[in-house]
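Asker: Input: one structure, supplied below.
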Amino acid sequence: MEKRLDEYLKKYSKQGDPHRSETTHSERRSKRKRYKKPKKMKRSVLRHRRKCKLCGASIDPLSKIPICKNCQISLFQIKTLKNTLRESIMHKEKPPEWALKAANKITEILSNYPEFLAYKNVVSEVVWEYIIDDEAQIEGIEIEDLVSLKYTYKNKTEILQELYKLGIVDITNDRKLLPGKLLQSLLEIKKVYGDNFRSVNWEMYTSAIQAIFMLDITEKHVDAYLSGHKKKNLKQVLTIFKILSRVIEDNLDKTVYPEIFSIAQVDFDLLLSLLGDKKIKLKFYVNITGIVDGKSKLVEDFDEEAHEFKLHKDFNEYIIRMIERIREIERERS
């Protein structure tokens with residue numbers, strides 16, 4: 001019995017007296033309390049941190065605008081480019097070269113984007129019908145005869161209304177399609193000036209009209225998304241302009257511009273994270289670089305030493321114009 005008692009005392013003698021044990025326990029409790037406070041404060045700070053409703057970037061908690069500066073510049077670009085193209089064509093004037101070149105590249109990137117494909121197919125079909133049949137421009141095309149409308153998952157009425165509002169087509173009371181003002185300008189290139197389908201003018205005007213409805217649809221989706229409606233956030237379209245916005249931001253204070261604009265790899269990768277899924281990122285990347293078809297669209301080279309992507313030269317004048325317009329607005333505000 002005594003032997004067992006000795007073993008017991010040896011085993012537990014290191015615990016010390018009961019009062020010491022209570023003190024240690026009390027100290028631990030007080031430490032835990034001390035560590036809880038900063039955690040609560042941290043959670044409180046996080047609750048007040050705001051994120052951009054479009055891309056998730058951090059924004060000023062006191063800002064009345066729910067999107068970051070980069071997204072603001074992106075939406076400014078979309079509106080400016082769309083209006084520049086549309087107003088020129090509506091007045092039967094050739095759009096500025098910088099706008100045509102940018103529109104051409106943007107439509108190349110988005111040529112197979114599902115959200116725009118239905119609209120593109122309808123426009124392509126009616127243009128073809130008007131070209132091969134002169135009477136169709138006068139008498140119109142039966143809506144029910146359009147193959148592209150029969151085999152689309154999109155709402156047919158929505159497609160036609162969008163194209164009508166933009167002035168691409170006119171709709172008669174007996175449900176026939178006539179060329180709108182925008183489309184009329186495109187048809188004149190072929191009919192009046194005799195340009196073939198390989199001419200630069202034909203390519204540029206076709207791209208301009210496609211860009212107009214692509215940009216307009218994007219605008220409407222963004223507005224609906226920000227308003228809380230269940231509209232798809234067109235992230236791939238937005239990412240194109242966010243990349244351009246990053247370049248614009250980097251050059252806003254400069255007086256001398258580089259021959260070719262570029263974006264740092266770290267910024268590029270960060271913006272591509274908006275796309276989320278790795279598969280979508282890869283698809284987007286190979287598309288804008290031309291790896292998929294050998295035709296560079298947004299990025300034309302990668303500088304390994306500088307760790308930056310060189311943008312396509314067709315965006316040079318576009319970026320400069322956007323910088324100038326932003327500066328004008330800032331001067332007017334001040």
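We label chains A, B, ... in the order they appear in the structure tokens, count residues from 1 in each chain, and number ligands from 1 in the order shown.
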Show me, as a VMD selection string, the residues that have an atom within 7 Å of A:Asn104 when counting only C-alpha atoms, minus same-chain residues fewer than 2 positions from it.

Answerer: chain A and resid 100 to 102 106 to 108 204 207 to 208

Asker: Using the selection just defined, write its residues with N, CA and C atoms as a PDB file, in the first residue's frame.

Answerer:
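Done, and the output landed in out.pdb:
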```pdb
ATOM      1  N   LEU A 100     -12.948  51.907 -84.775  1.00  0.00           N
ATOM      2  CA  LEU A 100     -13.136  50.763 -85.675  1.00  0.00           C
ATOM      3  C   LEU A 100     -12.140  49.643 -85.371  1.00  0.00           C
ATOM      4  N   LYS A 101     -10.888  50.029 -85.143  1.00  0.00           N
ATOM      5  CA  LYS A 101      -9.855  49.019 -84.856  1.00  0.00           C
ATOM      6  C   LYS A 101     -10.140  48.292 -83.541  1.00  0.00           C
ATOM      7  N   ALA A 102     -10.524  49.058 -82.532  1.00  0.00           N
ATOM      8  CA  ALA A 102     -10.838  48.448 -81.234  1.00  0.00           C
ATOM      9  C   ALA A 102     -12.061  47.543 -81.345  1.00  0.00           C
ATOM     10  N   ILE A 106     -12.318  43.535 -80.501  1.00  0.00           N
ATOM     11  CA  ILE A 106     -13.251  43.090 -79.451  1.00  0.00           C
ATOM     12  C   ILE A 106     -14.243  42.064 -80.004  1.00  0.00           C
ATOM     13  N   THR A 107     -14.728  42.301 -81.213  1.00  0.00           N
ATOM     14  CA  THR A 107     -15.669  41.338 -81.813  1.00  0.00           C
ATOM     15  C   THR A 107     -14.974  40.026 -82.168  1.00  0.00           C
ATOM     16  N   GLU A 108     -13.691  40.107 -82.487  1.00  0.00           N
ATOM     17  CA  GLU A 108     -12.930  38.872 -82.734  1.00  0.00           C
ATOM     18  C   GLU A 108     -12.856  38.028 -81.462  1.00  0.00           C
ATOM     19  N   MET A 204     -14.522  46.237 -91.225  1.00  0.00           N
ATOM     20  CA  MET A 204     -14.615  47.205 -90.136  1.00  0.00           C
ATOM     21  C   MET A 204     -16.066  47.554 -89.801  1.00  0.00           C
ATOM     22  N   SER A 207     -17.787  44.608 -88.124  1.00  0.00           N
ATOM     23  CA  SER A 207     -17.331  44.529 -86.731  1.00  0.00           C
ATOM     24  C   SER A 207     -17.964  45.621 -85.881  1.00  0.00           C
ATOM     25  N   ALA A 208     -18.092  46.817 -86.464  1.00  0.00           N
ATOM     26  CA  ALA A 208     -18.666  47.946 -85.726  1.00  0.00           C
ATOM     27  C   ALA A 208     -20.108  47.660 -85.328  1.00  0.00           C
TER      28      ALA A 208
END
```

Asker: Residues of stretch 50-286 of chain A classed as strand (DSSP E or B) by DSSP on the backbone are to be reported as a list of chain:residue names.

Answerer: A:Arg50, A:Lys51, A:Ser58, A:Ile59, A:Ile141, A:Glu142, A:Val169, A:Asp170, A:Ile171, A:Lys176, A:Leu177, A:Leu178, A:Pro179, A:Ser262, A:Ile263, A:Ala264

Asker: Output the selection as a short mmCIF file (atom, residue, chain, number, x, y, z; two decimals), in the first residue's frame - C-alpha atoms for each residue.

Answerer:
```
data_model
loop_
_atom_site.label_atom_id
_atom_site.label_comp_id
_atom_site.auth_asym_id
_atom_site.auth_seq_id
_atom_site.Cartn_x
_atom_site.Cartn_y
_atom_site.Cartn_z
CA ARG A 50 -17.00 46.68 -48.96
CA LYS A 51 -16.41 44.85 -52.18
CA SER A 58 -12.10 46.18 -52.16
CA ILE A 59 -13.65 49.64 -52.34
CA ILE A 141 -38.04 39.64 -94.71
CA GLU A 142 -40.67 37.49 -93.03
CA VAL A 169 -33.48 46.48 -88.19
CA ASP A 170 -36.94 47.99 -88.56
CA ILE A 171 -40.04 45.89 -87.86
CA LYS A 176 -41.36 41.86 -91.56
CA LEU A 177 -37.79 43.04 -91.12
CA LEU A 178 -36.39 45.98 -93.03
CA PRO A 179 -32.81 47.26 -92.73
CA SER A 262 1.59 46.87 -71.69
CA ILE A 263 0.21 45.44 -68.47
CA ALA A 264 2.23 43.88 -65.65
#
```

Asker: Find the residues near A:Asp60: any atom within 12 Å, counting only C-alpha atoms, skip ones fewer than 3 places away on the same chain, and give them as a PyMOL selection string.

Answerer: chain A and resi 48-52+57+63-69

Asker: May I have the residues within 9 Å of A:Asn70 as a list in words, using only C-alpha atoms and disregarding those fewer than 4 positions away in the same chain?

Answerer: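 Returned residues: Ser74, Leu75, Phe241, Lys242, Ile243, Ser245, Arg246 and Glu249 of chain A.
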
Asker: Choose the residue, out of A:Lys232, A:Glu328, A:Gly140, A:Phe315, that has the smallest atom-to-atom separation from A:Ser296; count only C-alpha atoms.

Answerer: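 The closest residue to A:Ser296 is A:Phe315.
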
Asker: Taking only C-alpha atoms into account, name the residue in A:Arg327, A:Lys53, A:Arg321, A:Lys154 that is nearest to A:Gln77.

Answerer: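 Between A:Arg327, A:Lys53, A:Arg321, A:Lys154, the residue approaching A:Gln77 most closely is A:Arg321.
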
Asker: Counting only C-alpha atoms, which of A:Ile280, A:Val237, A:Ile260, A:Leu54 gets nearest to A:Lys313?

Answerer: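 Closest to A:Lys313 of all the choices is A:Ile260.
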
Asker: Rounded to one decimal, what separation in Å do you get between atom CA of A:Glu308 and atom CA of A:Ile78?

Answerer: 24.5 Å

Asker: For atom CA of A:Val126 and atom CA of A:Val147, quote the distance in Å rounded to one decimal.

Answerer: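 Pair atom CA of A:Val126 / atom CA of A:Val147 returns 10.1 Å.
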
Asker: Identify, on the basis of only C-alpha atoms, every residue whose closest approach to A:Thr80 does not exceed 10 Å; exclude the query and any residue fewer than 6 positions from it along the same chain; express the result as a PyMOL selection string.

Answerer: chain A and resi 74+86+99+215+322+325

Asker: Counting only C-alpha atoms, which of A:Leu166, A:Ile73, A:Ile138, A:Ile248 gets nearest to A:Ile209?

Answerer: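 Of all the options, A:Leu166 lies closest to A:Ile209.
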
Asker: Per DSSP on the backbone, filter stretch 276-308 of chain A down to the residues in helix (DSSP H, G or I) and report them as a ChimeraX atom specification.

Answerer: /A:278-289
